[in-house]
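To be precise, the following lines are upload-v3.pdb, and they hold PDB, C-alpha atoms, pLDDT in the B column.
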```pdb
MODEL        1
ATOM      1  CA  MET Q   2     -14.096-122.160-201.561  1.00 72.00           C
ATOM      2  CA  ASP Q   3     -14.446-121.834-197.789  1.00 85.00           C
ATOM      3  CA  VAL Q   4     -11.787-122.789-195.284  1.00 91.00           C
ATOM      4  CA  PHE Q   5     -13.184-126.267-194.515  1.00 93.00           C
ATOM      5  CA  GLU Q   6     -13.114-127.236-198.192  1.00 94.00           C
ATOM      6  CA  GLN Q   7      -9.638-125.779-198.683  1.00 95.00           C
ATOM      7  CA  LEU Q   8      -8.270-127.437-195.578  1.00 97.00           C
ATOM      8  CA  SER Q   9      -9.813-130.814-196.416  1.00 97.00           C
ATOM      9  CA  ALA Q  10      -8.118-130.743-199.828  1.00 97.00           C
ATOM     10  CA  TYR Q  11      -4.784-129.456-198.494  1.00 97.00           C
ATOM     11  CA  THR Q  12      -1.718-131.718-198.611  1.00 97.00           C
ATOM     12  CA  PRO Q  13       0.461-131.125-195.514  1.00 98.00           C
ATOM     13  CA  TYR Q  14       4.055-130.082-196.175  1.00 97.00           C
ATOM     14  CA  ASN Q  15       5.542-131.709-193.067  1.00 97.00           C
ATOM     15  CA  GLU Q  16       4.742-133.357-189.737  1.00 98.00           C
ATOM     16  CA  GLN Q  17       3.766-130.036-188.148  1.00 97.00           C
ATOM     17  CA  GLU Q  18       1.216-129.326-190.849  1.00 98.00           C
ATOM     18  CA  ALA Q  19      -0.197-132.861-190.720  1.00 98.00           C
ATOM     19  CA  ALA Q  20      -0.776-132.535-186.968  1.00 98.00           C
ATOM     20  CA  ASP Q  21      -2.184-129.021-187.264  1.00 98.00           C
ATOM     21  CA  LYS Q  22      -4.506-130.010-190.119  1.00 98.00           C
ATOM     22  CA  ALA Q  23      -6.109-132.639-187.879  1.00 98.00           C
ATOM     23  CA  VAL Q  24      -6.552-130.121-185.055  1.00 97.00           C
ATOM     24  CA  MET Q  25      -8.029-127.496-187.379  1.00 98.00           C
ATOM     25  CA  LEU Q  26     -10.465-129.869-189.082  1.00 98.00           C
ATOM     26  CA  ASP Q  27     -11.612-131.159-185.699  1.00 97.00           C
ATOM     27  CA  ALA Q  28     -12.218-127.603-184.448  1.00 97.00           C
ATOM     28  CA  LEU Q  29     -14.097-126.666-187.618  1.00 96.00           C
ATOM     29  CA  SER Q  30     -16.381-129.673-187.237  1.00 96.00           C
ATOM     30  CA  ARG Q  31     -16.993-129.221-183.505  1.00 96.00           C
ATOM     31  CA  CYS Q  32     -17.077-125.446-182.952  1.00 96.00           C
ATOM     32  CA  PRO Q  33     -19.738-123.449-184.820  1.00 96.00           C
ATOM     33  CA  ASP Q  34     -18.181-120.214-183.545  1.00 97.00           C
ATOM     34  CA  VAL Q  35     -14.593-121.026-184.568  1.00 97.00           C
ATOM     35  CA  ALA Q  36     -14.519-118.092-187.003  1.00 97.00           C
ATOM     36  CA  LEU Q  37     -15.294-115.630-184.201  1.00 97.00           C
ATOM     37  CA  ARG Q  38     -12.826-114.245-181.697  1.00 94.00           C
ATOM     38  CA  SER Q  39     -15.614-114.436-179.106  1.00 95.00           C
ATOM     39  CA  ASN Q  40     -14.508-118.062-178.914  1.00 97.00           C
ATOM     40  CA  LEU Q  41     -11.857-117.401-176.286  1.00 95.00           C
ATOM     41  CA  VAL Q  42     -10.192-120.815-176.583  1.00 96.00           C
ATOM     42  CA  LEU Q  43      -9.432-120.947-180.326  1.00 97.00           C
ATOM     43  CA  HIS Q  44     -10.443-119.158-183.509  1.00 98.00           C
ATOM     44  CA  LEU Q  45      -9.549-118.752-187.175  1.00 98.00           C
ATOM     45  CA  THR Q  46      -6.967-116.299-188.451  1.00 98.00           C
ATOM     46  CA  ALA Q  47      -5.419-115.653-191.863  1.00 98.00           C
ATOM     47  CA  SER Q  48      -1.876-114.541-192.642  1.00 98.00           C
ATOM     48  CA  ALA Q  49       0.050-113.644-195.769  1.00 98.00           C
ATOM     49  CA  TRP Q  50       3.596-114.261-196.891  1.00 98.00           C
ATOM     50  CA  ILE Q  51       3.954-111.356-199.299  1.00 98.00           C
ATOM     51  CA  THR Q  52       6.681-111.732-201.901  1.00 98.00           C
ATOM     52  CA  ASN Q  53       7.945-109.614-204.770  1.00 98.00           C
ATOM     53  CA  ARG Q  54       7.966-110.590-208.431  1.00 96.00           C
ATOM     54  CA  ALA Q  55      11.531-111.939-208.229  1.00 95.00           C
ATOM     55  CA  ARG Q  56      10.567-114.144-205.243  1.00 96.00           C
ATOM     56  CA  ASP Q  57      13.692-113.024-203.354  1.00 96.00           C
ATOM     57  CA  ARG Q  58      12.144-110.603-200.836  1.00 97.00           C
ATOM     58  CA  VAL Q  59       9.203-110.660-198.451  1.00 98.00           C
ATOM     59  CA  LEU Q  60       7.210-107.832-196.920  1.00 98.00           C
ATOM     60  CA  MET Q  61       6.840-107.707-193.135  1.00 97.00           C
ATOM     61  CA  ILE Q  62       5.339-105.355-190.580  1.00 96.00           C
ATOM     62  CA  TYR Q  63       6.543-104.455-187.092  1.00 94.00           C
ATOM     63  CA  HIS Q  64       3.724-105.751-184.900  1.00 92.00           C
ATOM     64  CA  ASN Q  65       2.885-103.569-181.907  1.00 88.00           C
ATOM     65  CA  ILE Q  66       1.524-106.329-179.651  1.00 84.00           C
ATOM     66  CA  TYR Q  67       4.179-108.946-180.455  1.00 86.00           C
ATOM     67  CA  ASP Q  68       6.949-106.305-180.542  1.00 90.00           C
ATOM     68  CA  SER Q  69       8.534-108.049-183.515  1.00 95.00           C
ATOM     69  CA  TRP Q  70       8.798-108.035-187.263  1.00 96.00           C
ATOM     70  CA  ALA Q  71       6.077-110.379-188.488  1.00 97.00           C
ATOM     71  CA  TRP Q  72       3.909-111.424-191.404  1.00 97.00           C
ATOM     72  CA  THR Q  73       0.674-109.596-192.073  1.00 97.00           C
ATOM     73  CA  GLY Q  74      -2.625-111.091-190.961  1.00 97.00           C
ATOM     74  CA  GLY Q  75      -5.637-110.912-188.722  1.00 96.00           C
ATOM     75  CA  HIS Q  76      -8.784-112.524-187.355  1.00 97.00           C
ATOM     76  CA  ALA Q  77     -11.486-114.051-189.522  1.00 97.00           C
ATOM     77  CA  ASP Q  78     -14.199-112.252-187.518  1.00 97.00           C
ATOM     78  CA  GLY Q  79     -16.944-114.451-188.957  1.00 96.00           C
ATOM     79  CA  GLU Q  80     -15.537-114.691-192.490  1.00 96.00           C
ATOM     80  CA  THR Q  81     -14.849-118.196-193.829  1.00 93.00           C
ATOM     81  CA  ASP Q  82     -13.130-116.990-197.018  1.00 96.00           C
ATOM     82  CA  LEU Q  83      -9.712-116.679-195.407  1.00 97.00           C
ATOM     83  CA  LEU Q  84      -8.003-115.589-198.622  1.00 97.00           C
ATOM     84  CA  ALA Q  85     -10.212-112.497-198.551  1.00 97.00           C
ATOM     85  CA  VAL Q  86      -9.196-111.932-194.918  1.00 97.00           C
ATOM     86  CA  ALA Q  87      -5.494-112.280-195.766  1.00 98.00           C
ATOM     87  CA  LEU Q  88      -5.798-109.807-198.651  1.00 98.00           C
ATOM     88  CA  ARG Q  89      -7.734-107.292-196.549  1.00 97.00           C
ATOM     89  CA  GLU Q  90      -5.264-107.405-193.687  1.00 97.00           C
ATOM     90  CA  ALA Q  91      -2.248-107.187-196.000  1.00 97.00           C
ATOM     91  CA  LYS Q  92      -3.575-104.019-197.615  1.00 97.00           C
ATOM     92  CA  GLU Q  93      -4.550-102.442-194.301  1.00 95.00           C
ATOM     93  CA  GLU Q  94      -1.221-103.164-192.649  1.00 95.00           C
ATOM     94  CA  THR Q  95       1.102-102.171-195.499  1.00 96.00           C
ATOM     95  CA  GLY Q  96      -0.863 -99.405-197.222  1.00 94.00           C
ATOM     96  CA  LEU Q  97      -0.467-101.102-200.603  1.00 96.00           C
ATOM     97  CA  ARG Q  98      -3.520-100.823-202.810  1.00 93.00           C
ATOM     98  CA  GLU Q  99      -2.555-103.595-205.225  1.00 97.00           C
ATOM     99  CA  ILE Q 100      -1.704-106.972-203.718  1.00 98.00           C
ATOM    100  CA  ARG Q 101      -2.685-110.148-205.526  1.00 98.00           C
ATOM    101  CA  PRO Q 102      -2.653-113.869-204.739  1.00 98.00           C
ATOM    102  CA  VAL Q 103       0.165-115.802-206.374  1.00 97.00           C
ATOM    103  CA  THR Q 104      -2.214-118.731-205.964  1.00 96.00           C
ATOM    104  CA  GLU Q 105      -5.642-118.892-204.366  1.00 96.00           C
ATOM    105  CA  ALA Q 106      -4.804-122.219-202.734  1.00 96.00           C
ATOM    106  CA  LEU Q 107      -3.642-122.504-199.145  1.00 97.00           C
ATOM    107  CA  PHE Q 108       0.107-121.941-198.929  1.00 98.00           C
ATOM    108  CA  SER Q 109       0.651-123.065-195.349  1.00 98.00           C
ATOM    109  CA  ILE Q 110      -1.213-123.899-192.140  1.00 98.00           C
ATOM    110  CA  GLU Q 111      -0.298-123.421-188.495  1.00 98.00           C
ATOM    111  CA  THR Q 112      -1.824-123.772-185.041  1.00 98.00           C
ATOM    112  CA  LEU Q 113      -0.246-120.961-183.046  1.00 97.00           C
ATOM    113  CA  THR Q 114      -0.334-120.212-179.334  1.00 94.00           C
ATOM    114  CA  VAL Q 115      -1.080-116.652-178.243  1.00 92.00           C
ATOM    115  CA  ASN Q 116       0.053-115.484-174.808  1.00 90.00           C
ATOM    116  CA  PRO Q 117      -2.182-113.362-172.558  1.00 92.00           C
ATOM    117  CA  HIS Q 118      -2.016-109.679-173.472  1.00 87.00           C
ATOM    118  CA  ARG Q 119      -3.935-106.442-173.488  1.00 86.00           C
ATOM    119  CA  ARG Q 120      -5.552-105.180-176.682  1.00 82.00           C
ATOM    120  CA  ARG Q 121      -6.860-101.632-176.702  1.00 81.00           C
ATOM    121  CA  GLY Q 122      -7.101-101.679-172.938  1.00 85.00           C
ATOM    122  CA  ALA Q 123      -8.924-105.021-172.644  1.00 90.00           C
ATOM    123  CA  PHE Q 124      -7.384-108.233-171.307  1.00 94.00           C
ATOM    124  CA  VAL Q 125      -7.148-111.082-173.818  1.00 91.00           C
ATOM    125  CA  PRO Q 126      -6.581-114.563-172.296  1.00 94.00           C
ATOM    126  CA  ALA Q 127      -4.212-117.140-173.768  1.00 96.00           C
ATOM    127  CA  HIS Q 128      -5.705-118.961-176.751  1.00 96.00           C
ATOM    128  CA  LEU Q 129      -4.977-120.679-180.077  1.00 97.00           C
ATOM    129  CA  HIS Q 130      -4.960-119.247-183.576  1.00 97.00           C
ATOM    130  CA  LEU Q 131      -5.976-121.731-186.251  1.00 98.00           C
ATOM    131  CA  ASN Q 132      -4.096-120.018-189.034  1.00 98.00           C
ATOM    132  CA  ALA Q 133      -4.302-120.260-192.820  1.00 98.00           C
ATOM    133  CA  THR Q 134      -1.432-118.663-194.727  1.00 98.00           C
ATOM    134  CA  TYR Q 135      -1.639-117.452-198.336  1.00 98.00           C
ATOM    135  CA  LEU Q 136       1.119-116.506-200.760  1.00 98.00           C
ATOM    136  CA  LEU Q 137       0.583-112.978-202.063  1.00 98.00           C
ATOM    137  CA  GLU Q 138       2.576-110.739-204.390  1.00 98.00           C
ATOM    138  CA  ALA Q 139       3.219-106.990-204.447  1.00 98.00           C
ATOM    139  CA  ASP Q 140       5.518-104.463-206.109  1.00 98.00           C
ATOM    140  CA  ASP Q 141       8.573-104.029-203.876  1.00 97.00           C
ATOM    141  CA  LEU Q 142       9.243-100.570-205.332  1.00 97.00           C
ATOM    142  CA  ALA Q 143       5.845 -99.147-204.346  1.00 97.00           C
ATOM    143  CA  PRO Q 144       5.718 -96.828-201.316  1.00 95.00           C
ATOM    144  CA  LEU Q 145       4.663 -98.410-198.028  1.00 95.00           C
ATOM    145  CA  CYS Q 146       2.373 -96.885-195.445  1.00 91.00           C
ATOM    146  CA  HIS Q 147       2.017 -98.643-192.092  1.00 84.00           C
ATOM    147  CA  ASN Q 148      -1.156 -98.750-189.995  1.00 84.00           C
ATOM    148  CA  PRO Q 149      -0.393 -97.066-186.629  1.00 88.00           C
ATOM    149  CA  ALA Q 150      -3.289 -98.885-184.943  1.00 82.00           C
ATOM    150  CA  GLU Q 151      -1.661-102.261-185.614  1.00 81.00           C
ATOM    151  CA  ASN Q 152       2.006-101.803-186.454  1.00 89.00           C
ATOM    152  CA  SER Q 153       4.776 -99.246-186.333  1.00 92.00           C
ATOM    153  CA  ALA Q 154       6.591-100.016-189.616  1.00 95.00           C
ATOM    154  CA  ALA Q 155       6.521-101.972-192.856  1.00 96.00           C
ATOM    155  CA  ALA Q 156       9.575-103.047-194.849  1.00 97.00           C
ATOM    156  CA  TRP Q 157      10.896-105.526-197.397  1.00 98.00           C
ATOM    157  CA  PHE Q 158      13.491-108.106-196.341  1.00 98.00           C
ATOM    158  CA  ALA Q 159      15.666-110.635-198.097  1.00 98.00           C
ATOM    159  CA  LEU Q 160      14.354-114.114-197.274  1.00 97.00           C
ATOM    160  CA  SER Q 161      17.013-115.017-194.707  1.00 94.00           C
ATOM    161  CA  ASP Q 162      16.935-111.520-193.194  1.00 97.00           C
ATOM    162  CA  ALA Q 163      13.186-111.829-192.604  1.00 97.00           C
ATOM    163  CA  VAL Q 164      13.761-114.824-190.344  1.00 97.00           C
ATOM    164  CA  GLU Q 165      16.541-113.097-188.424  1.00 97.00           C
ATOM    165  CA  ALA Q 166      14.480-109.914-188.032  1.00 97.00           C
ATOM    166  CA  CYS Q 167      11.802-111.814-186.126  1.00 97.00           C
ATOM    167  CA  SER Q 168      12.359-111.609-182.353  1.00 95.00           C
ATOM    168  CA  GLU Q 169       9.861-114.400-181.589  1.00 95.00           C
ATOM    169  CA  PRO Q 170      11.879-117.659-181.469  1.00 95.00           C
ATOM    170  CA  TRP Q 171       8.769-119.812-181.921  1.00 93.00           C
ATOM    171  CA  MET Q 172       7.893-118.025-185.173  1.00 96.00           C
ATOM    172  CA  ARG Q 173      11.290-118.396-186.838  1.00 97.00           C
ATOM    173  CA  PRO Q 174      10.677-122.052-187.803  1.00 97.00           C
ATOM    174  CA  VAL Q 175       7.381-120.972-189.378  1.00 98.00           C
ATOM    175  CA  TYR Q 176       9.088-118.299-191.468  1.00 98.00           C
ATOM    176  CA  ARG Q 177      11.878-120.694-192.461  1.00 98.00           C
ATOM    177  CA  LYS Q 178       9.227-123.150-193.635  1.00 98.00           C
ATOM    178  CA  LEU Q 179       7.497-120.425-195.652  1.00 98.00           C
ATOM    179  CA  ASN Q 180      10.795-119.486-197.299  1.00 98.00           C
ATOM    180  CA  GLU Q 181      11.463-123.135-198.174  1.00 97.00           C
ATOM    181  CA  LYS Q 182       8.027-123.421-199.737  1.00 97.00           C
ATOM    182  CA  LEU Q 183       8.446-120.093-201.552  1.00 97.00           C
ATOM    183  CA  LYS Q 184      11.720-121.221-203.120  1.00 94.00           C
ATOM    184  CA  ALA Q 185      10.183-124.531-204.186  1.00 92.00           C
ATOM    185  CA  PHE Q 186       7.139-122.736-205.578  1.00 89.00           C
ATOM    186  CA  GLY Q 187       9.366-120.355-207.563  1.00 78.00           C
ATOM    187  CA  GLU Q 188      11.312-123.250-209.054  1.00 80.00           C
ATOM    188  CA  LYS Q 189       8.077-124.907-210.191  1.00 75.00           C
ATOM    189  CA  GLN Q 190       6.921-121.646-211.783  1.00 72.00           C
ATOM    190  CA  GLN Q 191      10.189-121.308-213.730  1.00 65.00           C
ATOM    191  CA  ILE Q 192       9.809-124.822-215.084  1.00 61.00           C
ATOM    192  CA  ARG Q 193       6.211-124.208-216.193  1.00 63.00           C
ATOM    193  CA  SER Q 194       6.748-120.728-217.634  1.00 57.00           C
ATOM    194  CA  PRO Q 195      10.228-119.479-218.632  1.00 53.00           C
ATOM    195  CA  HIS Q 196       8.840-116.000-219.215  1.00 50.00           C
ATOM    196  CA  PRO Q 197       7.772-114.082-216.066  1.00 46.00           C
ATOM    197  CA  THR Q 198       4.152-113.031-215.931  1.00 43.00           C
ATOM    198  CA  SER Q 199       3.236-109.373-215.757  1.00 40.00           C
ATOM    199  CA  VAL Q 200       2.274-107.801-212.432  1.00 38.00           C
ATOM    200  CA  ARG Q 201       0.232-104.719-211.776  1.00 39.00           C
ATOM    201  CA  SER Q 202       2.066-101.922-210.022  1.00 36.00           C
ATOM    202  CA  ALA Q 203       1.125-101.093-206.444  1.00 38.00           C
ATOM    203  CA  ALA Q 204       0.221 -97.739-204.973  1.00 40.00           C
ATOM    204  CA  CYS Q 205       0.131 -96.491-201.426  1.00 43.00           C
ATOM    205  CA  LEU Q 206      -3.132 -95.712-199.702  1.00 43.00           C
ATOM    206  CA  PRO Q 207      -3.451 -92.231-198.163  1.00 41.00           C
ATOM    207  CA  CYS Q 208      -1.819 -92.165-194.750  1.00 44.00           C
ATOM    208  CA  ALA Q 209      -1.966 -89.150-192.491  1.00 36.00           C
ATOM    209  CA  ARG Q 210       1.218 -90.129-190.670  1.00 36.00           C
ATOM    210  CA  GLY Q 211       3.299 -90.803-193.778  1.00 38.00           C
ATOM    211  CA  GLY Q 212       4.792 -94.014-195.060  1.00 38.00           C
ATOM    212  CA  GLY Q 213       8.054 -95.668-195.855  1.00 38.00           C
ATOM    213  CA  SER Q 214       9.928 -98.341-193.983  1.00 38.00           C
ATOM    214  CA  ALA Q 215      10.436 -96.521-190.697  1.00 37.00           C
ATOM    215  CA  GLN Q 216      12.580 -98.174-188.052  1.00 36.00           C
ATOM    216  CA  PRO Q 217      10.625 -99.995-185.339  1.00 35.00           C
ATOM    217  CA  ARG Q 218      10.401 -98.742-181.808  1.00 38.00           C
ATOM    218  CA  ARG Q 219      12.579-100.569-179.308  1.00 32.00           C
TER
ENDMDL
END
```
Target encoding structure tokens, full file:
Amino acid sequence: MDVFEQLSAYTPYNEQEAADKAVMLDALSRCPDVALRSNLVLHLTASAWITNRARDRVLMIYHNIYDSWAWTGGHADGETDLLAVALREAKEETGLREIRPVTEALFSIETLTVNPHRRRGAFVPAHLHLNATYLLEADDLAPLCHNPAENSAAAWFALSDAVEACSEPWMRPVYRKLNEKLKAFGEKQQIRSPHPTSVRSAACLPCARGGGSAQPRR
């Protein structure tokens, strides 16, 4: 299912998501290049809220551009299967080989502002990210291996600690919302299945600079 179909079927969680759903659907219907970052005004991105089997920790990376602990994610770059984008970016940014969707449905949606910045020496003007978030799962005991081109660390956090670790005030409400939805999702799973499902173990991809949850630069 592509992003337009998923978004059309998505039930907003709150007022923010209802407003952002309207903006995103309008952009998808009006802008044929919305999946490309060559659209300098707005474009599609995909993020992941990566949880462990117990649903009490989330995996974050220390983002070099935003200078903050953050979720994993990246640009669609022409792809309309945003779950595939979220999975690809999660693996690249954490070094984990085995990450799976808890559900293939959209977990959350956001329209996010991006301030002007430089990326690999080139100026990037202010723009909007039309973001689709997916709930993924990984083994929190597997070794991590960050991607130096994108981030300087990867680490697991307790749910409340993940919010506090973020130094971007405008992102904290997003992460609080994701934690609320994660807790509600976990409660529904317990009701449906009292016995936890099995999960494949994760392994770290080769990384020349080593892995682990190194402390971020300050």
So, counting all atoms listed in the file, which residue among Q:Glu105, Q:Glu16, Q:Asp27, Q:Asp68 is closest to Ala49 (chain Q)?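 With all atoms listed in the file as the atom set, the closest residue is Q:Glu105.
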So that I can check the surroundings of Arg89 (chain Q), please list as JSON, numbers by chain every protein, DNA and RNA residue that reaches within 10 Å of it, counting all atoms listed in the file and ignoring chain neighbours fewer than 6 positions away. {"Q": [47, 73, 74, 75, 83, 98, 100]}
Counting all atoms listed in the file, what is within 6 Å of Phe108 (chain Q), bar same-chain residues fewer than 2 positions away, as number ranges by chain? Q: 134-136
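Checking Q:Ala36, Q:Ala139, Q:Leu60, Q:Ala163 one by one against Val103 (chain Q), counting all atoms listed in the file, you find the shortest gap at Q:Ala139.
Candidate residues Q:Glu111, Q:Glu99, Q:Asp3, Q:Glu94 were compared for distance to Thr46 (chain Q), and the nearest is Q:Glu111, using only C-alpha atoms.
Take the candidates Q:Ile51, Q:Met2, Q:Ala71, Q:Ala106 and check each one against Glu151 (chain Q) using all atoms listed in the file; the shortest distance goes to Q:Ala71.
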May I ask which of the residues Q:Val164, Q:Leu179, Q:Met172, Q:Leu129 is the closest one to Pro117 (chain Q), counting all atoms listed in the file?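 Looking at the shortest contact to Pro117 (chain Q), the residue is Q:Leu129.
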Quick one: which residues end up in the PyMOL selection byres ((chain Q and resi 9-13) around 9) for this structure, as a list in words? Val4, Phe5, Glu6, Gln7, Leu8, Tyr14, Asn15, Glu16, Gln17, Glu18, Ala19, Ala20, Asp21, Lys22, Leu26, Ala106, Leu107, Phe108, Ser109 and Ile110 of chain Q
Please report as JSON lines every residue of region 102-149 of chain Q lying within 12 Å of region 167-170 of chain Q, along with the nearest atom pair and their distance in Å (one decimal), using all atoms listed in the file.
```
{"residue": "Q:Thr114", "atom": "CA", "partner": "Q:Glu169", "partner_atom": "CA", "distance": 11.9}
{"residue": "Q:Val115", "atom": "CA", "partner": "Q:Glu169", "partner_atom": "CA", "distance": 11.7}
{"residue": "Q:Asn116", "atom": "CA", "partner": "Q:Glu169", "partner_atom": "CA", "distance": 12.0}
```
As a check of understanding, name the residues that the PyMOL selection byres ((chain Q and resi 77) around 6) selects in the supplied structure, as a list in words. Ala36, Leu45, Thr46, His76, Asp78, Gly79 and Glu80 of chain Q
Working from the structure I just supplied, which lacks atoms in region 83-96 of chain Q, can you model N, CA and C atoms there and output them as a CSV table (one decimal), in the coordinates of the input?
```
chain,number,residue,atom,x,y,z
Q,83,LEU,N,-10.9,-117.2,-196.1
Q,83,LEU,CA,-9.7,-116.7,-195.4
Q,83,LEU,C,-8.7,-116.0,-196.4
Q,84,LEU,N,-8.8,-116.3,-197.7
Q,84,LEU,CA,-8.0,-115.6,-198.6
Q,84,LEU,C,-8.4,-114.1,-198.6
Q,85,ALA,N,-9.7,-113.9,-198.6
Q,85,ALA,CA,-10.2,-112.5,-198.6
Q,85,ALA,C,-9.7,-111.8,-197.3
Q,86,VAL,N,-9.7,-112.5,-196.2
Q,86,VAL,CA,-9.2,-111.9,-194.9
Q,86,VAL,C,-7.7,-111.6,-195.1
Q,87,ALA,N,-6.9,-112.5,-195.6
Q,87,ALA,CA,-5.5,-112.3,-195.8
Q,87,ALA,C,-5.2,-111.1,-196.7
Q,88,LEU,N,-6.0,-111.0,-197.7
Q,88,LEU,CA,-5.8,-109.8,-198.7
Q,88,LEU,C,-6.2,-108.5,-198.0
Q,89,ARG,N,-7.3,-108.5,-197.2
Q,89,ARG,CA,-7.7,-107.3,-196.5
Q,89,ARG,C,-6.7,-106.8,-195.5
Q,90,GLU,N,-6.2,-107.8,-194.7
Q,90,GLU,CA,-5.3,-107.4,-193.7
Q,90,GLU,C,-3.9,-106.9,-194.3
Q,91,ALA,N,-3.5,-107.6,-195.4
Q,91,ALA,CA,-2.2,-107.2,-196.0
Q,91,ALA,C,-2.3,-105.8,-196.5
Q,92,LYS,N,-3.4,-105.4,-197.1
Q,92,LYS,CA,-3.6,-104.0,-197.6
Q,92,LYS,C,-3.7,-103.0,-196.5
Q,93,GLU,N,-4.4,-103.4,-195.4
Q,93,GLU,CA,-4.6,-102.4,-194.3
Q,93,GLU,C,-3.2,-102.2,-193.6
Q,94,GLU,N,-2.4,-103.3,-193.5
Q,94,GLU,CA,-1.2,-103.2,-192.6
Q,94,GLU,C,0.0,-102.6,-193.4
Q,95,THR,N,0.0,-102.7,-194.7
Q,95,THR,CA,1.1,-102.2,-195.5
Q,95,THR,C,0.8,-100.9,-196.3
Q,96,GLY,N,-0.5,-100.6,-196.4
Q,96,GLY,CA,-0.9,-99.4,-197.2
Q,96,GLY,C,-0.8,-99.6,-198.7
```
